[in-house]
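Coordinates from entry08.txt are shown below (compact mmCIF, C-alpha atoms and all ligand atoms).
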```txt
# COMPACT_ATOMS: atom_id res chain seq x y z
CA MET A 299 80.26 165.74 -30.41
CA ARG A 300 77.45 167.13 -28.30
CA HIS A 301 74.98 164.32 -27.64
CA HIS A 302 75.95 161.43 -25.35
CA PRO A 303 74.06 158.59 -23.64
CA GLY A 304 73.30 159.29 -19.97
CA ASP A 305 75.10 157.57 -17.08
CA ASP A 306 72.19 155.15 -16.67
CA ILE A 307 72.59 153.83 -20.23
CA LEU A 308 76.39 153.66 -19.96
CA LEU A 309 76.09 151.85 -16.65
CA ALA A 310 73.71 149.29 -18.15
CA TYR A 311 76.38 148.60 -20.79
CA ALA A 312 79.26 148.48 -18.26
CA SER A 313 77.41 146.19 -15.86
CA GLY A 314 76.21 143.87 -18.64
CA VAL A 315 72.49 144.62 -18.32
CA SER A 316 72.10 146.05 -21.85
CA ASP A 317 70.67 143.75 -24.49
CA GLU A 318 72.86 143.04 -27.50
CA ALA A 319 71.29 145.60 -29.87
CA THR A 320 71.61 148.40 -27.30
CA GLY A 321 75.15 147.23 -26.54
CA LEU A 322 75.98 147.53 -30.25
CA VAL A 323 74.87 151.16 -30.51
CA ILE A 324 76.52 152.14 -27.19
CA ALA A 325 79.83 150.43 -27.98
CA THR A 326 79.86 152.05 -31.43
CA HIS A 327 79.30 155.46 -29.81
CA LEU A 328 82.25 154.67 -27.51
CA ALA A 329 84.44 154.14 -30.58
CA PHE A 330 83.74 157.82 -31.42
CA CYS A 331 83.80 159.22 -27.88
CA ALA A 332 86.74 159.29 -25.44
CA GLN A 333 84.61 160.94 -22.75
CA CYS A 334 82.12 158.06 -22.61
CA ARG A 335 84.97 155.51 -22.85
CA ASP A 336 86.39 157.06 -19.68
CA ALA A 337 82.97 156.87 -18.02
CA VAL A 338 82.62 153.16 -18.88
CA SER A 339 86.14 152.48 -17.69
CA LEU A 340 85.27 154.18 -14.36
CA MET A 341 82.15 152.02 -14.11
CA GLU A 342 84.12 148.84 -14.75
CA LYS A 343 86.47 149.88 -11.94
CA ILE A 344 83.44 150.27 -9.68
CA GLY A 345 82.39 146.76 -10.77
CA GLY A 346 85.88 145.52 -9.86
CA GLY A 347 85.66 147.16 -6.43
CA LEU A 348 82.24 145.62 -5.80
CA LEU A 349 83.42 142.18 -6.95
CA ASP A 350 86.43 142.33 -4.62
CA ALA A 351 84.20 143.32 -1.70
CA LEU A 352 81.68 140.46 -2.19
CA PRO A 353 81.49 137.80 0.51
CA PRO A 354 83.19 134.72 -1.00
CA ALA A 355 80.98 131.73 -1.86
CA PRO A 356 83.25 128.73 -1.25
CA LEU A 357 83.70 126.26 -4.12
CA ALA A 358 83.60 122.48 -3.78
CA GLU A 359 86.96 121.10 -2.67
CA THR A 360 87.45 119.36 -6.02
CA ALA A 361 87.00 122.57 -8.03
CA PHE A 362 90.53 123.87 -7.65
CA ALA A 363 92.21 120.59 -8.68
CA ALA A 364 89.78 120.24 -11.59
CA THR A 365 90.74 123.69 -12.90
CA MET A 366 94.49 123.09 -12.42
CA ALA A 367 94.15 119.86 -14.42
CA ARG A 368 92.74 121.84 -17.35
CA LEU A 369 95.52 124.46 -17.55
CA ASP A 370 97.79 122.47 -19.86
CA SER A 371 95.08 122.03 -22.46
CA ALA A 372 94.14 125.74 -22.26
CA PRO A 373 96.45 127.51 -24.72
CA PRO A 374 97.01 131.28 -24.56
CA PHE A 375 94.15 133.15 -26.18
CA ALA A 376 95.03 134.52 -29.62
CA ARG A 377 93.22 137.60 -30.88
CA PRO A 378 91.50 136.97 -34.19
CA ALA A 379 93.49 138.46 -37.06
CA ARG A 380 92.45 142.02 -37.70
CA THR A 381 92.07 143.43 -41.18
CA ALA A 382 92.25 147.19 -41.35
CA SER A 383 89.07 149.05 -42.25
CA ARG A 384 89.38 151.01 -45.49
CA ASP A 385 86.89 153.70 -44.52
CA GLY A 386 87.41 153.87 -40.75
CA THR A 387 84.32 151.82 -39.78
CA PRO A 388 84.95 150.96 -36.11
CA GLU A 389 84.26 147.81 -34.10
CA PRO A 390 81.88 146.45 -33.01
CA LEU A 391 79.83 147.80 -35.91
CA ARG A 392 82.22 146.30 -38.45
CA SER A 393 81.71 142.76 -37.17
CA TYR A 394 77.94 143.17 -37.36
CA LEU A 395 78.14 144.57 -40.91
CA GLY A 396 80.58 141.88 -41.98
CA GLY A 397 82.83 144.62 -43.38
CA ASP A 398 83.01 148.34 -44.03
CA LEU A 399 80.15 150.80 -44.07
CA SER A 400 81.04 151.78 -47.63
CA SER A 401 80.44 148.22 -48.89
CA VAL A 402 77.00 147.72 -47.31
CA ARG A 403 74.39 146.29 -49.70
CA TRP A 404 71.46 148.57 -48.97
CA ARG A 405 67.79 147.68 -49.33
CA ARG A 406 65.80 150.48 -50.92
CA MET A 407 62.69 151.85 -49.30
CA GLY A 408 61.40 154.48 -51.68
CA PRO A 409 63.54 156.90 -53.68
CA ARG A 410 65.36 158.58 -50.77
CA LEU A 411 65.62 156.03 -48.00
CA ALA A 412 67.52 152.75 -47.66
CA TYR A 413 68.01 150.43 -44.72
CA LEU A 414 69.72 147.27 -43.53
CA PRO A 415 68.41 145.14 -40.65
CA LEU A 416 71.28 144.02 -38.38
CA LEU A 417 69.82 142.29 -35.37
CA ARG A 418 66.48 141.46 -33.79
CA ARG A 419 65.84 140.00 -30.33
CA GLY A 420 62.24 139.93 -29.23
CA GLY A 421 60.89 143.45 -29.65
CA THR A 422 64.35 145.03 -29.85
CA SER A 423 66.01 145.54 -33.19
CA ALA A 424 69.05 147.28 -34.65
CA LYS A 425 69.19 148.58 -38.20
CA LEU A 426 71.15 150.93 -40.42
CA LEU A 427 69.24 153.75 -42.06
CA ARG A 428 70.41 155.91 -44.92
CA GLY A 429 68.63 159.02 -46.16
CA SER A 430 69.64 161.43 -48.91
CA PRO A 431 69.93 165.12 -47.90
CA GLY A 432 66.58 166.59 -46.92
CA THR A 433 64.88 163.22 -46.36
CA GLU A 434 62.15 163.23 -43.76
CA VAL A 435 61.53 160.00 -41.91
CA GLY A 436 58.05 161.14 -40.94
CA ALA A 437 56.68 162.40 -37.63
CA HIS A 438 56.52 159.66 -35.02
CA THR A 439 56.33 158.94 -31.32
CA HIS A 440 57.80 155.94 -29.49
CA ARG A 441 56.31 152.97 -27.72
CA GLY A 442 59.70 152.14 -26.20
CA LEU A 443 63.19 153.61 -26.42
CA GLU A 444 64.82 154.68 -29.68
CA LEU A 445 68.60 155.12 -29.76
CA THR A 446 69.99 156.74 -32.90
CA LEU A 447 73.72 157.05 -33.53
CA VAL A 448 74.88 159.17 -36.48
CA LEU A 449 77.64 157.45 -38.46
CA LYS A 450 77.85 159.86 -41.43
CA GLY A 451 76.20 163.13 -42.36
CA GLY A 452 73.70 164.46 -39.84
CA PHE A 453 70.07 165.13 -39.00
CA THR A 454 68.04 167.78 -37.23
CA ASP A 455 64.83 167.62 -35.21
CA VAL A 456 63.12 169.63 -32.47
CA THR A 457 65.82 168.60 -29.96
CA GLY A 458 68.75 169.87 -32.02
CA ASN A 459 71.32 168.90 -34.59
CA TYR A 460 73.16 165.57 -34.62
CA GLY A 461 76.46 164.85 -36.40
CA PRO A 462 78.83 161.87 -36.62
CA GLY A 463 79.21 160.15 -33.23
CA ASP A 464 76.21 161.91 -31.68
CA LEU A 465 73.67 159.64 -30.00
CA GLN A 466 70.02 160.55 -29.56
CA VAL A 467 67.96 158.85 -26.87
CA ALA A 468 64.22 159.22 -27.54
CA ASP A 469 61.50 157.81 -25.32
CA GLY A 470 57.71 157.92 -25.11
CA SER A 471 57.75 161.62 -24.23
CA LEU A 472 59.30 162.74 -27.55
CA ARG A 473 57.43 163.38 -30.79
CA HIS A 474 59.87 164.19 -33.54
CA SER A 475 60.31 164.32 -37.28
CA PRO A 476 64.02 164.07 -38.07
CA ILE A 477 65.25 165.58 -41.35
CA ALA A 478 68.57 164.60 -42.93
CA ASP A 479 70.95 167.58 -43.16
CA PRO A 480 71.99 169.00 -46.53
CA GLY A 481 75.33 167.95 -48.02
CA GLU A 482 75.94 164.20 -47.84
CA ASP A 483 73.71 161.22 -47.12
CA CYS A 484 72.87 160.70 -43.47
CA ILE A 485 73.65 157.19 -42.19
CA ASN A 486 72.39 156.20 -38.75
CA LEU A 487 72.57 153.12 -36.57
CA ALA A 488 69.17 152.90 -34.89
CA VAL A 489 67.94 150.66 -32.10
CA THR A 490 64.32 150.49 -31.03
CA THR A 491 62.96 148.47 -28.11
CA ALA A 492 59.43 148.58 -29.57
CA SER A 493 57.92 149.62 -32.89
CA LEU A 494 57.53 153.34 -33.67
CA LYS A 495 54.15 155.04 -33.99
CA PHE A 496 53.98 156.90 -37.30
CA GLU A 497 51.33 159.54 -37.88
CA ASN A 498 51.30 159.47 -41.67
CA PHE A 499 48.90 156.94 -43.21
CA ILE A 500 51.35 155.44 -45.74
CA GLN A 501 54.09 155.05 -43.12
CA LYS A 502 51.60 153.47 -40.75
CA ILE A 503 51.20 150.73 -43.33
CA ALA A 504 54.79 150.62 -44.61
CA GLY A 505 56.41 150.82 -41.14
CA PRO A 506 55.59 147.25 -40.06
CA ILE A 507 56.62 145.84 -43.46
CA PHE A 508 60.10 147.29 -43.11
CA GLY A 509 60.28 146.36 -39.46
CA PHE A 510 59.93 149.80 -37.80
CA MET B 295 94.97 150.41 -3.93
CA THR B 296 95.20 148.34 -0.84
CA GLY B 297 98.32 146.24 -0.41
CA GLU B 298 96.24 143.20 -1.21
CA ALA B 299 95.07 144.55 -4.55
CA ALA B 300 98.63 145.45 -5.57
CA GLU B 301 99.64 141.91 -4.64
CA LEU B 302 96.87 140.45 -6.80
CA ASN B 303 98.07 142.54 -9.73
CA ALA B 304 101.61 141.28 -9.21
CA LEU B 305 100.32 137.68 -9.16
CA LEU B 306 98.46 138.23 -12.43
CA ALA B 307 101.59 139.70 -14.00
CA ARG B 308 103.47 136.54 -12.95
CA VAL B 309 100.86 134.38 -14.65
CA ALA B 310 101.17 136.51 -17.80
CA THR B 311 104.95 136.54 -18.02
CA LEU B 312 106.01 133.28 -16.31
CA ARG B 313 102.90 131.05 -16.55
CA ASP B 314 103.40 130.75 -12.78
CA ARG B 315 101.02 128.08 -11.40
CA ALA B 316 101.53 129.04 -7.76
CA ALA B 317 100.50 132.60 -8.64
CA PHE B 318 97.47 131.21 -10.48
CA ALA B 319 96.54 129.14 -7.41
CA ALA B 320 96.63 132.24 -5.20
CA LEU B 321 94.46 134.16 -7.69
CA PHE B 322 92.03 131.23 -7.81
CA ALA B 323 91.74 131.20 -4.02
CA HIS B 324 90.90 134.91 -3.99
CA PHE B 325 88.73 135.38 -7.06
CA ALA B 326 86.90 132.11 -7.80
CA PRO B 327 84.67 132.29 -4.66
CA ARG B 328 83.92 135.97 -5.37
CA ILE B 329 83.01 135.30 -9.00
CA LYS B 330 80.76 132.47 -7.83
CA SER B 331 79.16 134.89 -5.38
CA TYR B 332 78.72 137.51 -8.16
CA LEU B 333 77.07 135.00 -10.50
CA MET B 334 74.73 133.71 -7.80
CA ARG B 335 73.59 137.28 -7.22
CA GLN B 336 72.77 137.43 -10.93
CA GLY B 337 70.47 134.46 -10.48
CA ALA B 338 72.76 131.55 -11.43
CA ALA B 339 72.19 128.33 -9.47
CA PRO B 340 75.16 127.44 -7.20
CA ALA B 341 76.38 124.54 -9.38
CA LEU B 342 76.31 126.66 -12.54
CA ALA B 343 77.92 129.62 -10.76
CA GLU B 344 80.70 127.29 -9.63
CA ASP B 345 81.27 125.95 -13.18
CA LEU B 346 81.37 129.48 -14.56
CA ALA B 347 83.74 130.67 -11.83
CA GLN B 348 86.14 127.93 -12.92
CA GLU B 349 85.61 128.92 -16.55
CA ALA B 350 86.42 132.54 -15.66
CA MET B 351 89.67 131.44 -13.98
CA LEU B 352 90.56 129.41 -17.05
CA ASN B 353 89.95 132.56 -19.09
CA LEU B 354 92.33 134.39 -16.77
CA TRP B 355 94.98 131.76 -17.49
CA ARG B 356 94.45 132.00 -21.25
CA LYS B 357 94.19 135.80 -21.46
CA ALA B 358 96.65 136.93 -18.78
CA HIS B 359 99.01 138.32 -21.45
CA LEU B 360 96.29 140.78 -22.48
CA PHE B 361 96.06 142.27 -18.97
CA ASP B 362 97.38 145.83 -18.72
CA SER B 363 98.11 146.78 -15.11
CA SER B 364 98.49 150.46 -16.03
CA LYS B 365 94.80 150.54 -16.99
CA ALA B 366 93.01 148.70 -14.19
CA SER B 367 93.40 146.33 -11.26
CA ALA B 368 93.18 142.54 -11.50
CA GLY B 369 89.78 142.77 -9.77
CA THR B 370 88.42 145.08 -12.46
CA TRP B 371 89.78 142.86 -15.21
CA LEU B 372 88.21 139.77 -13.61
CA PHE B 373 84.93 141.66 -13.27
CA THR B 374 84.85 142.20 -17.05
CA ILE B 375 85.66 138.51 -17.66
CA ALA B 376 82.89 137.34 -15.31
CA ARG B 377 80.42 139.85 -16.77
CA ASN B 378 81.10 138.70 -20.35
CA LEU B 379 80.86 135.05 -19.39
CA ARG B 380 77.50 135.73 -17.79
CA ILE B 381 76.17 137.42 -20.95
CA ASP B 382 77.57 134.63 -23.09
CA VAL B 383 76.37 131.64 -21.06
CA LEU B 384 73.43 132.82 -18.95
CA ARG B 385 71.90 135.09 -21.57
CA LYS B 386 73.23 133.40 -24.71
CA GLU B 387 74.04 136.73 -26.33
CA LYS B 388 77.22 138.33 -27.57
CA ARG B 389 78.59 141.42 -25.92
CA PRO B 390 79.44 144.00 -28.60
CA GLU B 391 83.00 145.07 -27.77
CA LEU B 392 85.27 147.88 -28.82
CA ASP B 393 88.57 147.23 -30.49
CA ALA B 394 91.12 149.51 -28.81
CA ALA B 395 93.17 149.47 -32.02
CA ASP B 396 90.42 151.61 -33.64
CA PHE B 397 91.26 154.64 -31.51
CA ALA B 398 94.61 153.91 -29.84
CA PRO B 399 96.67 152.00 -32.42
CA GLU B 400 99.90 152.37 -30.43
CA ALA B 401 98.65 150.82 -27.17
CA GLU B 402 100.01 147.31 -26.54
CA PRO B 403 99.01 145.52 -23.33
CA ASP B 404 101.84 145.61 -20.81
CA PRO B 405 101.47 143.54 -17.65
CA GLY B 406 104.70 145.13 -16.34
CA ASP B 407 105.55 143.92 -12.87
CA GLY B 408 101.96 144.56 -11.84
CA MET B 409 102.96 147.16 -9.27
CA MET B 410 102.24 150.16 -11.51
CA LEU B 411 98.78 150.70 -10.09
CA ALA B 412 96.76 153.77 -10.78
CA ALA B 413 96.50 155.69 -7.51
CA GLY B 414 93.02 156.68 -8.66
CA GLU B 415 91.72 153.15 -8.21
CA ILE B 416 92.87 153.17 -4.56
CA ARG B 417 90.88 156.34 -3.95
CA LEU B 418 87.92 154.97 -5.91
CA ARG B 419 87.66 151.92 -3.64
CA GLU B 420 87.96 154.06 -0.53
CA ALA B 421 85.18 156.31 -1.84
CA LEU B 422 83.03 153.25 -2.58
CA LYS B 423 83.29 152.23 1.10
CA ILE B 424 81.92 155.55 2.35
CA LEU B 425 79.18 156.08 -0.23
CA PRO B 426 75.85 157.03 1.45
CA PRO B 427 73.78 153.83 1.87
CA ASP B 428 70.91 154.91 -0.42
CA GLN B 429 73.39 155.64 -3.23
CA MET B 430 75.35 152.45 -2.57
CA ARG B 431 72.15 150.40 -2.81
CA ILE B 432 71.42 151.75 -6.31
CA VAL B 433 75.02 151.18 -7.42
CA GLU B 434 74.98 147.59 -6.12
CA LEU B 435 71.62 146.81 -7.71
CA SER B 436 72.82 148.31 -11.00
CA PHE B 437 75.72 145.86 -11.02
CA PHE B 438 74.15 142.79 -9.46
CA ALA B 439 70.40 142.76 -10.10
CA ASP B 440 70.59 142.41 -13.92
CA LYS B 441 67.53 144.64 -14.20
CA PRO B 442 66.87 147.97 -15.90
CA HIS B 443 66.61 151.02 -13.67
CA SER B 444 62.85 151.27 -14.24
CA GLN B 445 62.44 147.85 -12.63
CA ILE B 446 64.82 148.67 -9.77
CA ALA B 447 62.74 151.80 -9.09
CA ALA B 448 59.51 149.78 -9.09
CA GLU B 449 60.93 147.19 -6.69
CA LEU B 450 62.27 149.79 -4.28
CA ASP B 451 58.99 151.67 -4.63
CA ILE B 452 60.71 154.97 -5.45
CA PRO B 453 60.39 157.15 -8.57
CA LEU B 454 62.72 156.41 -11.50
CA GLY B 455 63.95 160.01 -11.21
CA THR B 456 65.17 159.29 -7.67
CA VAL B 457 67.07 156.21 -8.85
CA LYS B 458 68.71 158.27 -11.58
CA SER B 459 69.58 161.19 -9.30
CA ARG B 460 71.13 158.87 -6.66
CA LEU B 461 73.10 157.24 -9.41
CA ARG B 462 74.24 160.62 -10.71
CA LEU B 463 75.38 161.69 -7.21
CA ALA B 464 77.24 158.41 -6.68
CA MET B 465 78.93 158.65 -10.06
CA ALA B 466 80.00 162.24 -9.41
CA ARG B 467 81.63 161.25 -6.09
CA LEU B 468 83.35 158.21 -7.54
CA ARG B 469 84.48 160.06 -10.65
CA ALA B 470 86.00 162.78 -8.46
CA ALA B 471 87.73 160.11 -6.35
CA LEU B 472 89.23 158.47 -9.41
CA GLY B 473 90.46 161.90 -10.38
CA ASP B 474 89.20 162.10 -13.90
CA ARG B 475 86.72 164.70 -14.98
CA PRO B 476 84.55 164.50 -18.07
ZN ZN C 601 79.88 160.06 -25.51
```
Take the structure from the file and write it as structure tokens.
Ligand SMILES: [Zn+2]
Amino acid sequence: MRHHPGDDILLAYASGVSDEATGLVIATHLAFCAQCRDAVSLMEKIGGGLLDALPPAPLAETAFAATMARLDSAPPFARPARTASRDGTPEPLRSYLGGDLSSVRWRRMGPRLAYLPLLRRGGTSAKLLRGSPGTEVGAHTHRGLELTLVLKGGFTDVTGNYGPGDLQVADGSLRHSPIADPGEDCINLAVTTASLKFENFIQKIAGPIFGF
Amino acid sequence: MTGEAAELNALLARVATLRDRAAFAALFAHFAPRIKSYLMRQGAAPALAEDLAQEAMLNLWRKAHLFDSSKASAGTWLFTIARNLRIDVLRKEKRPELDAADFAPEAEPDPGDGMMLAAGEIRLREALKILPPDQMRIVELSFFADKPHSQIAAELDIPLGTVKSRLRLAMARLRAALGDRP
């Protein structure tokens, strides 16, 4: 794996600033990447140190007794039963797909591309994209941030080559035209904080219909 | 870790293994006012922050058996509980979480006796105390302001690049203190 989110993006996830869609793509990268898991764990330890050093804000005198009175009716938390993935699809992606990557019901978008919307909050959305080898998404620039995590296969653009687990962070300064690598289908988890700006006339029209 | 932090870990281990109410009371006295303080910094009104601090402590009671003292201190664990509660209640969103079983199937949480503290976390907290003020400010705002770095830069009236470079310097120091290298 060669492409990781920067410390600023990891810190936004660790501190709880990230929106849900961004959190989904970052946490799914973490499932692939021990190095970034270590970074997030360091950041949570910083959060713990900061919390411990905060000046206490005293609670009402009744608060402690009220909490103690609730302990008996607060049973130990039980983890939800876990069913093993058959194709290695990690959490949290699996929960958002409602199952494995290999059993996704794709929506077609032309002969070579398919997609599946996962989540939309305001202008931010997360979707799965699948392109057969050699597929071009079309040259585009970005109004906001685009985070693309490769789940299977790979793609190449002016910034390099991306394989499973690699995360690309593209902002307004990047114009690119990703092409799916030869071999197997390329499946990406993509999050955009604003719609993309396509240069091709057809995609300009089709983009909004498919939610890009 | 300071003696106090080791003691807090031991108290949490007692809650996990013995359902010890006196230990819970001591943890409440230490953490509830700090969690309230944390939530107020995130913009919660005092009454709501107080309700959520109690909710966080109830979470501690219910989830104590999942605490693993070999991984992090009680303070760090409580930080993640308070953070998730904030996302859940204040922002009404879910926090997408990893499942450790996906990459470390053998790891079972082990509260132990709570005294098995990573020496790295002691050094990390010492390093946090002596961070240069301009770096510390960015780190604090990153954790408490609930704002993206672009907005923090705008409010401090400094370039985004400066925010990111201060953050990078702070992270490098703290990472070195913890003793793990990428
Ligand atoms: Zn990574």
Set the cut-off to 9 Å, count only C-alpha atoms and all ligand atoms, and list whatever residues fall near ligand ZN 601 (chain C) as an mmCIF file with C-alpha atoms, keeping the file's coordinate frame.
```cif
data_model
loop_
_atom_site.group_PDB
_atom_site.id
_atom_site.type_symbol
_atom_site.label_atom_id
_atom_site.label_comp_id
_atom_site.auth_asym_id
_atom_site.auth_seq_id
_atom_site.Cartn_x
_atom_site.Cartn_y
_atom_site.Cartn_z
ATOM 1 C CA MET A 299 80.260 165.740 -30.410
ATOM 2 C CA ARG A 300 77.450 167.130 -28.300
ATOM 3 C CA HIS A 301 74.980 164.320 -27.640
ATOM 4 C CA HIS A 302 75.950 161.430 -25.350
ATOM 5 C CA PRO A 303 74.060 158.590 -23.640
ATOM 6 C CA GLY A 304 73.300 159.290 -19.970
ATOM 7 C CA ILE A 324 76.520 152.140 -27.190
ATOM 8 C CA HIS A 327 79.300 155.460 -29.810
ATOM 9 C CA LEU A 328 82.250 154.670 -27.510
ATOM 10 C CA PHE A 330 83.740 157.820 -31.420
ATOM 11 C CA CYS A 331 83.800 159.220 -27.880
ATOM 12 C CA ALA A 332 86.740 159.290 -25.440
ATOM 13 C CA GLN A 333 84.610 160.940 -22.750
ATOM 14 C CA CYS A 334 82.120 158.060 -22.610
ATOM 15 C CA ARG A 335 84.970 155.510 -22.850
ATOM 16 C CA ALA A 337 82.970 156.870 -18.020
ATOM 17 C CA GLY A 463 79.210 160.150 -33.230
ATOM 18 C CA ASP A 464 76.210 161.910 -31.680
ATOM 19 C CA LEU A 465 73.670 159.640 -30.000
#
```
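Taking only C-alpha atoms, the non-local environment of Ile477 of chain A within 9 Å (same-chain residues fewer than 3 positions away omitted) comprises Gly429, Pro431, Gly432, Thr433, Glu434, Val435, Gly436, Gly452, Phe453, Thr454 and Asp455 of chain A.
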| So, counting only C-alpha atoms, which residue among A:Ser493, A:Asn486, A:Asn498, A:Thr422 is closest to Leu399 of chain A? |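 Going through A:Ser493, A:Asn486, A:Asn498, A:Thr422 one by one, the smallest distance to Leu399 of chain A is for A:Asn486.
Comparing the minimum interatomic distances between chain B and each of A:Val338, A:Arg377, A:Ser383, A:Pro390, counting only C-alpha atoms, we find that A:Pro390 sits nearest.
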| request: For atom CA of Asp317 of chain A and atom CA of Asp362 of chain B, determine how far apart the two atoms are, in Å to one decimal place. | output: 27.4 Å
With the input short on atoms, add all heavy atoms back to segment 485-492 of chain A and write it as an mmCIF file, in the coordinates of the input.
```cif
data_model
loop_
_atom_site.group_PDB
_atom_site.id
_atom_site.type_symbol
_atom_site.label_atom_id
_atom_site.label_comp_id
_atom_site.auth_asym_id
_atom_site.auth_seq_id
_atom_site.Cartn_x
_atom_site.Cartn_y
_atom_site.Cartn_z
ATOM 1 N N ILE A 485 73.717 158.618 -42.532
ATOM 2 C CA ILE A 485 73.650 157.190 -42.190
ATOM 3 C C ILE A 485 73.617 157.052 -40.676
ATOM 4 O O ILE A 485 74.489 157.575 -39.975
ATOM 5 C CB ILE A 485 74.859 156.411 -42.763
ATOM 6 C CG1 ILE A 485 74.911 156.562 -44.293
ATOM 7 C CG2 ILE A 485 74.762 154.928 -42.378
ATOM 8 C CD1 ILE A 485 76.061 155.812 -44.948
ATOM 9 N N ASN A 486 72.580 156.387 -40.189
ATOM 10 C CA ASN A 486 72.390 156.200 -38.750
ATOM 11 C C ASN A 486 72.355 154.723 -38.398
ATOM 12 O O ASN A 486 71.899 153.902 -39.191
ATOM 13 C CB ASN A 486 71.050 156.794 -38.298
ATOM 14 C CG ASN A 486 70.995 158.292 -38.464
ATOM 15 O OD1 ASN A 486 72.024 158.959 -38.512
ATOM 16 N ND2 ASN A 486 69.793 158.821 -38.561
ATOM 17 N N LEU A 487 72.802 154.427 -37.171
ATOM 18 C CA LEU A 487 72.570 153.120 -36.570
ATOM 19 C C LEU A 487 71.466 153.323 -35.548
ATOM 20 O O LEU A 487 71.622 154.117 -34.622
ATOM 21 C CB LEU A 487 73.858 152.629 -35.888
ATOM 22 C CG LEU A 487 73.763 151.381 -35.025
ATOM 23 C CD1 LEU A 487 73.305 150.181 -35.845
ATOM 24 C CD2 LEU A 487 75.108 151.083 -34.373
ATOM 25 N N ALA A 488 70.330 152.657 -35.746
ATOM 26 C CA ALA A 488 69.170 152.900 -34.890
ATOM 27 C C ALA A 488 68.750 151.627 -34.176
ATOM 28 O O ALA A 488 68.710 150.550 -34.769
ATOM 29 C CB ALA A 488 68.012 153.446 -35.707
ATOM 30 N N VAL A 489 68.452 151.772 -32.885
ATOM 31 C CA VAL A 489 67.940 150.660 -32.100
ATOM 32 C C VAL A 489 66.612 151.065 -31.499
ATOM 33 O O VAL A 489 66.487 152.153 -30.927
ATOM 34 C CB VAL A 489 68.930 150.272 -30.974
ATOM 35 C CG1 VAL A 489 68.280 149.336 -29.973
ATOM 36 C CG2 VAL A 489 70.170 149.616 -31.565
ATOM 37 N N THR A 490 65.607 150.231 -31.668
ATOM 38 C CA THR A 490 64.320 150.490 -31.030
ATOM 39 C C THR A 490 63.940 149.290 -30.173
ATOM 40 O O THR A 490 64.171 148.147 -30.566
ATOM 41 C CB THR A 490 63.200 150.721 -32.068
ATOM 42 O OG1 THR A 490 63.259 149.666 -33.042
ATOM 43 C CG2 THR A 490 63.368 152.046 -32.779
ATOM 44 N N THR A 491 63.376 149.567 -28.994
ATOM 45 C CA THR A 491 62.960 148.470 -28.110
ATOM 46 C C THR A 491 61.501 148.113 -28.342
ATOM 47 O O THR A 491 61.002 147.164 -27.773
ATOM 48 C CB THR A 491 63.158 148.845 -26.631
ATOM 49 O OG1 THR A 491 62.339 149.978 -26.334
ATOM 50 C CG2 THR A 491 64.606 149.194 -26.340
ATOM 51 N N ALA A 492 60.801 148.889 -29.165
ATOM 52 C CA ALA A 492 59.430 148.580 -29.570
ATOM 53 C C ALA A 492 59.181 149.335 -30.859
ATOM 54 O O ALA A 492 59.923 150.246 -31.193
ATOM 55 C CB ALA A 492 58.438 149.024 -28.486
#
```
